Amino acid sequence: YGLCHVGFHDHDADNDWEFHDDGEMVDTEPAHLWSPGEPWDVPNAITCGIIFSQPNYFNAGDGLGDATCSNPIYGLCEVPEDDEELVVAPEPKTCKAAQEYCKNVYGTQLATIISDDDRSDAVQALSDGGHEFGWIGLYSDEVETKWRFKSGDECPSDSAYKCVDFWLSNPGGEQFRPRCIGSVDEGGSECAVFYADSNRVDNDVPADAPSKFLCDTDTVAE
């Protein structure tokens with residue numbers, strides 16, 4: 001395509017570039033990284049990194065450049081390794097927006113965590129990125145208050161209500177059940193998060209709070 005958005009940006013328009021996924025600073029000092037005449041450093045604008053693969057009407061050479069982030073240009077995305085079944089998405093999102101992201105980017109759902117291996121994978125994925133928790137595809141219908149997976153996978157628990165048996169203890173001290181949704185005392189949300197340190201799930205994060213999240217990378221049932 002000639003040029004594509006890549007994964008770094010100058011969010012504060014101060015010529016300090018950082019990666020989208022972890023905020024790590026990008027070493028852009030070596031002149032050979034930039035295409036001739038780049039970066040433009042658009043004044044008072046959030047700019048995103050682009051890469052030129054060949055000379056075009058924007059530039060005379062290949063290498064890195066910058067453009068306003070709203071510029072409709074194709075993007076290059078990282079693809080998980082073949083053996084990765086879970087991936088932590090780069091930007092925190094609300095529960096609803098996270099589900100849409102997983103569907104649009106990977107063609108899947110928020111992560112389905114059922115087996116011990118699933119839990120180990122989730123712990124690894126979150127820990128590798130230094131994240132405490134992330135949204136998964138376990139949710140509750142606000143009417144029936146019954147928990148289920150976005151993927152449609154069968155719940156492993158004998159309890160049709162809680163779906164899984166690895167809940168954190170709720171504030172009332174009852175073992176391993178979700179918090180009551182809408183309860184002032186328990187503060188339950190309709191979306192669940194997975195905690196890496198405890199290897200358990202909880203619904204203590206408000207659904208509209210932007211948070212990290214886990215997507216399935218294998219195609220799952222609708």
# chains A, B, ... in the order shown; residues from 1 in each chain; ligands from 1
call {"tool": "select_by_dssp", "arguments": {"residues": "segment 102-186 of chain A", "states": "strand (DSSP E)", "output": "VMD selection string"}}
result
chain A and resid 133 to 140 147 to 149
call {"tool": "residues_around", "arguments": {"residues": "segment 116-120 of chain A", "least_positions_apart": "5", "cutoff": "10 Å", "atoms": "only C-alpha atoms", "output": "PyMOL selection string"}}
result
chain A and resi 85-86+111+125+166+194-196+199-201
call {"tool": "residues_around", "arguments": {"residues": "segment 202-215 of chain A", "least_positions_apart": "3", "cutoff": "7 Å", "atoms": "only C-alpha atoms", "output": "ChimeraX atom specification"}}
result
/A:86-89,91-95,98,102,109-111,134-136,167-168,178-179,187-194
call {"tool": "atom_distance", "arguments": {"atom1": "atom CA of Ser151 of chain A", "atom2": "atom CA of Thr217 of chain A"}}
result
11.8 Å
call {"tool": "atom_distance", "arguments": {"atom1": "atom CA of Ile50 of chain A", "atom2": "atom CA of Leu126 of chain A"}}
result
28.0 Å
call {"tool": "atom_distance", "arguments": {"atom1": "atom CA of Ala67 of chain A", "atom2": "atom CA of Gly49 of chain A"}}
result
6.6 Å
call {"tool": "closest_residue", "arguments": {"among": "A:Ile113, A:Cys4, A:Cys163, A:Cys48", "to": "Asp216 of chain A", "atoms": "only C-alpha atoms"}}
result
A:Ile113
